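K.L.:
Sharing a structure with you now.
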Amino acid sequence: MNTVSNPGPRDSASMAPYSVRGRWLAGIALAAAIVASAAGWIHPAIALPVIAILGTLIAVGYRVTAVSGTAARTQVLSADSANTAAQAVAIVQAIPEAALLVDRQNRLVAGNVPAAALFGRLRTNEALSLTTRKPQILEALAKAASGDTQNFEIEERVPVERSLDAHVAPIVFGHEKPNLFLLVFRDRTQERRIEKMRVDFVANASHELRTPLASLSGFIETLQGPAKDDPAAREKFLGIMGDQAKRMARLIDDLMSLSRIELSLHLQPQTVIDLASVADTACDLLAPLAKEQGVAIDIKKETGRLDVRGDRDELLRVAENLIENALKYGAIGKRVEVTLHEEGNDALLSVRDFGPGIAPEHLPRLTERFYRVDVERSRTQGGTGLGLALVKHILARHRGRLTIESVPGEGAVFTARIPRAQ
Ligand code: ADP
């Protein structure tokens, strides 16, 4: 009984010869009963029930054998399936991307650690809709049931913006229909963000170049036409054209510096440089601008030399950009303080102005390329919107960083922090 209703592979193997033998004996007995009845050796009233019983026994014997064989095969198959499913679960857990395994009834069989990070708690052995309610996933599963792999994108806006590439693949173990479905999700958020930044960057750079170019072409036309014979206008327009040409040159120069620094970001410069002497040079170079703006530069050195490992030209660019910004945007404060000091293992160059300061919402974005608090003000001051982006990249290459503090109405402090040369 047990062997039939719940046969193991071994039971079913031992049962097959027994059933075959039984069937043979019943068959021989049936043939003997028919012959005996036909020959008149036994009375038909006895022969007929005997024939009927033996016939039934043979039929039942066949059925029992057939049933036990099917059950055994099913059992062997489901033992295989259980094994294979366990292997599939182990494979899912080894996949580096977020992956889920779902059965034909849309129940979650397994998920890996990245999937738990993506979907929160994974409710295995329960409907997938309790783990994720995204309609696209459920639709893709329904389509994949016919055996076709599904690829689609998921864009999320809340709670955070996220882009996922999703892939649903049916898995078939010996059946025609898929037993399981593998769902794999690739987080493309970072890639999309970088892609967007690149597109925005090209658009911004083109726009920044197009503006002075349009102005130049306009003045060329004016000088060739209406102002052809007007020496005063010509003098004035040529001055403006010169400024626009310089603006384009500065922009191209900053763009090229930025891409050069980005290329060598992983290479930390090794020459020992005195940051204090770099700050002195920057102040000397900016003395004419300070005079023009009516601002006094006060340089304070808390130590003698302040050695860092660096590239002198790049560090000079950092000091110049910070001091120049303080002179341009904080001119109203009439004073700029440049301080050189140490803090732990770091050398610090701080530039403080006493101008209008910067509202807190702008602070985190100031080092983005082309980000300006006031675009017009930056342009009239000859700014490219790339200065602080350059400072940030140069400091990153020197394994340092930039901090910005400001109290609106009281001024701003920009501090470059670089590890000291040991
Ligand atoms: P820009 O070429 O426009 O000066 P930067 O990247 O150097 O570009 O600076 C970005 C923006 O940060 C400036 O346009 C300005 O709005 C703001 N900024 C920089 N330094 C100061 C400062 N010391 N005080 C106020 N605003 C500043």
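Letters for chains follow the order of the structure tokens (A, B, ...), residue numbers begin at 1 for each chain, and ligand numbers begin at 1 in the order shown.
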Counting only C-alpha atoms and all ligand atoms, what are the residues, protein, DNA or RNA alike, that approach ligand 1 to within 7 Å? I want them as a ChimeraX atom specification.

P.N.:
/A:321-322,325-326,329-330,353,355-358,366-367,369-375,378-379,382-389,411-412

K.L.:
Show me, as a list in words, the residues that have an atom within 12 Å of Val113 in chain A when counting only C-alpha atoms, minus same-chain residues fewer than 4 positions from it.

P.N.:
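Near neighbours after the sequence-gap exclusion: Val92, Gln93, Ala94, Ile95, Pro96, Glu97, Ala98, Ala99, Leu100, Ala117, Leu118, Phe119, Gly120, Arg121 and Leu122 of chain A.
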
K.L.:
Need to verify the contact set: Ile261 in chain A, 8 Å, only C-alpha atoms, exclusion of same-chain residues closer than 6 positions in sequence. Can you return it as a ChimeraX atom specification?

P.N.:
/A:393-394,397

K.L.:
Take the residues from that selection and put them in a file with all heavy atoms, as a PDB file, in the first residue's frame.

P.N.:
```pdb
ATOM      1  N   HIS A 393      38.412  69.787  -8.261  1.00  0.00           N
ATOM      2  CA  HIS A 393      39.128  68.691  -8.917  1.00  0.00           C
ATOM      3  C   HIS A 393      40.616  68.693  -8.566  1.00  0.00           C
ATOM      4  O   HIS A 393      41.205  67.636  -8.353  1.00  0.00           O
ATOM      5  CB  HIS A 393      38.942  68.771 -10.432  1.00  0.00           C
ATOM      6  CG  HIS A 393      37.660  68.155 -10.875  1.00  0.00           C
ATOM      7  ND1 HIS A 393      36.448  68.798 -10.763  1.00  0.00           N
ATOM      8  CD2 HIS A 393      37.392  66.941 -11.388  1.00  0.00           C
ATOM      9  CE1 HIS A 393      35.507  67.998 -11.206  1.00  0.00           C
ATOM     10  NE2 HIS A 393      36.036  66.867 -11.589  1.00  0.00           N
ATOM     11  N   ILE A 394      41.205  69.876  -8.528  1.00  0.00           N
ATOM     12  CA  ILE A 394      42.641  69.950  -8.201  1.00  0.00           C
ATOM     13  C   ILE A 394      42.857  69.423  -6.780  1.00  0.00           C
ATOM     14  O   ILE A 394      43.764  68.628  -6.529  1.00  0.00           O
ATOM     15  CB  ILE A 394      43.169  71.401  -8.339  1.00  0.00           C
ATOM     16  CG1 ILE A 394      43.149  71.827  -9.803  1.00  0.00           C
ATOM     17  CG2 ILE A 394      44.578  71.520  -7.750  1.00  0.00           C
ATOM     18  CD1 ILE A 394      43.487  73.295 -10.044  1.00  0.00           C
ATOM     19  N   ARG A 397      42.680  65.709  -6.628  1.00  0.00           N
ATOM     20  CA  ARG A 397      43.917  65.085  -7.121  1.00  0.00           C
ATOM     21  C   ARG A 397      45.021  65.143  -6.068  1.00  0.00           C
ATOM     22  O   ARG A 397      45.882  64.270  -6.011  1.00  0.00           O
ATOM     23  CB  ARG A 397      44.349  65.827  -8.396  1.00  0.00           C
ATOM     24  CG  ARG A 397      45.597  65.311  -9.033  1.00  0.00           C
ATOM     25  CD  ARG A 397      45.614  65.744 -10.473  1.00  0.00           C
ATOM     26  NE  ARG A 397      46.833  66.454 -10.827  1.00  0.00           N
ATOM     27  CZ  ARG A 397      47.980  65.862 -11.100  1.00  0.00           C
ATOM     28  NH1 ARG A 397      48.082  64.557 -11.033  1.00  0.00           N
ATOM     29  NH2 ARG A 397      49.043  66.566 -11.429  1.00  0.00           N
TER      30      ARG A 397
END
```

K.L.:
Name the residues of range 56-278 of chain A that come out as strand (DSSP E or B) in a backbone DSSP run; write them as a ChimeraX atom specification.

P.N.:
/A:98-103,107-111,127,150-156,162-171,180-187,272-274

K.L.:
Using only C-alpha atoms, can you tell me which of A:Arg305, A:His167, A:Arg193, A:Arg352 comes closest to Ile273 in chain A?

P.N.:
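The closest residue to Ile273 in chain A is A:Arg305.
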
K.L.:
CA of Val102 in chain A and CA of Phe181 in chain A are how many Å apart?

P.N.:
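Distance reported for this atom pair: 5.1 Å.
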
K.L.:
Show which residues sit within 12 Å of Val160 in chain A, as a list in words. Count only C-alpha atoms, and ignore same-chain residues fewer than 3 positions away.

P.N.:
Leu118, Glu155, Glu156, Arg157, Ser163 and Thr189 of chain A

K.L.:
Using N, CA and C atoms, can you export the residues from the last selection as a CSV table (one decimal), in the first residue's frame?

P.N.:
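What follows is the written file again.csv:
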```csv
chain,number,residue,atom,x,y,z
A,118,LEU,N,17.0,46.5,-2.6
A,118,LEU,CA,16.2,47.3,-3.6
A,118,LEU,C,14.7,47.3,-3.2
A,155,GLU,N,11.4,53.3,-14.2
A,155,GLU,CA,11.8,54.6,-13.8
A,155,GLU,C,11.0,55.0,-12.5
A,156,GLU,N,11.7,55.3,-11.4
A,156,GLU,CA,10.9,55.6,-10.2
A,156,GLU,C,11.2,57.1,-9.9
A,157,ARG,N,10.2,57.7,-9.3
A,157,ARG,CA,10.4,59.1,-8.9
A,157,ARG,C,10.4,59.2,-7.4
A,163,SER,N,16.6,54.5,-11.7
A,163,SER,CA,16.4,53.9,-13.0
A,163,SER,C,16.9,52.5,-12.9
A,189,THR,N,20.9,54.1,-12.1
A,189,THR,CA,20.7,55.5,-11.7
A,189,THR,C,22.0,56.3,-11.9
```

K.L.:
With distances taken over only C-alpha atoms, which of A:Leu141, A:Ala233, A:Ala347, A:Leu263 is nearest to Arg309 in chain A?

P.N.:
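The shortest atom-to-atom distance to Arg309 in chain A comes from A:Ala347.
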
K.L.:
Output as a VMD selection string all residues of range 75-265 of chain A that backbone DSSP marks as alpha helix (DSSP H).

P.N.:
chain A and resid 75 to 94 113 to 119 135 to 144 189 to 224 231 to 263

K.L.:
What's the separation between CA of Asp313 in chain A and CA of Pro288 in chain A, in Å to one decimal place?

P.N.:
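Taking CA of Asp313 in chain A as the start and CA of Pro288 in chain A as the end point, the length is 20.0 Å.
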
K.L.:
So how many Å separate CA of Val338 in chain A and CA of Asp298 in chain A, to one decimal?

P.N.:
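Computing the Euclidean distance for CA of Val338 in chain A and CA of Asp298 in chain A yields 6.1 Å.
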
K.L.:
Using only C-alpha atoms, which of A:Leu101, A:Gly174, A:Ser257, A:Phe219 sits nearest Gly239 in chain A?

P.N.:
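Of all the options, A:Phe219 lies closest to Gly239 in chain A.
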
K.L.:
With distances taken over only C-alpha atoms, which residue among A:Ile323, A:Ala396, A:Leu390, A:Ala282 lies nearest Gly310 in chain A?

P.N.:
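Comparing A:Ile323, A:Ala396, A:Leu390, A:Ala282 against Gly310 in chain A, the winner is A:Ala396.
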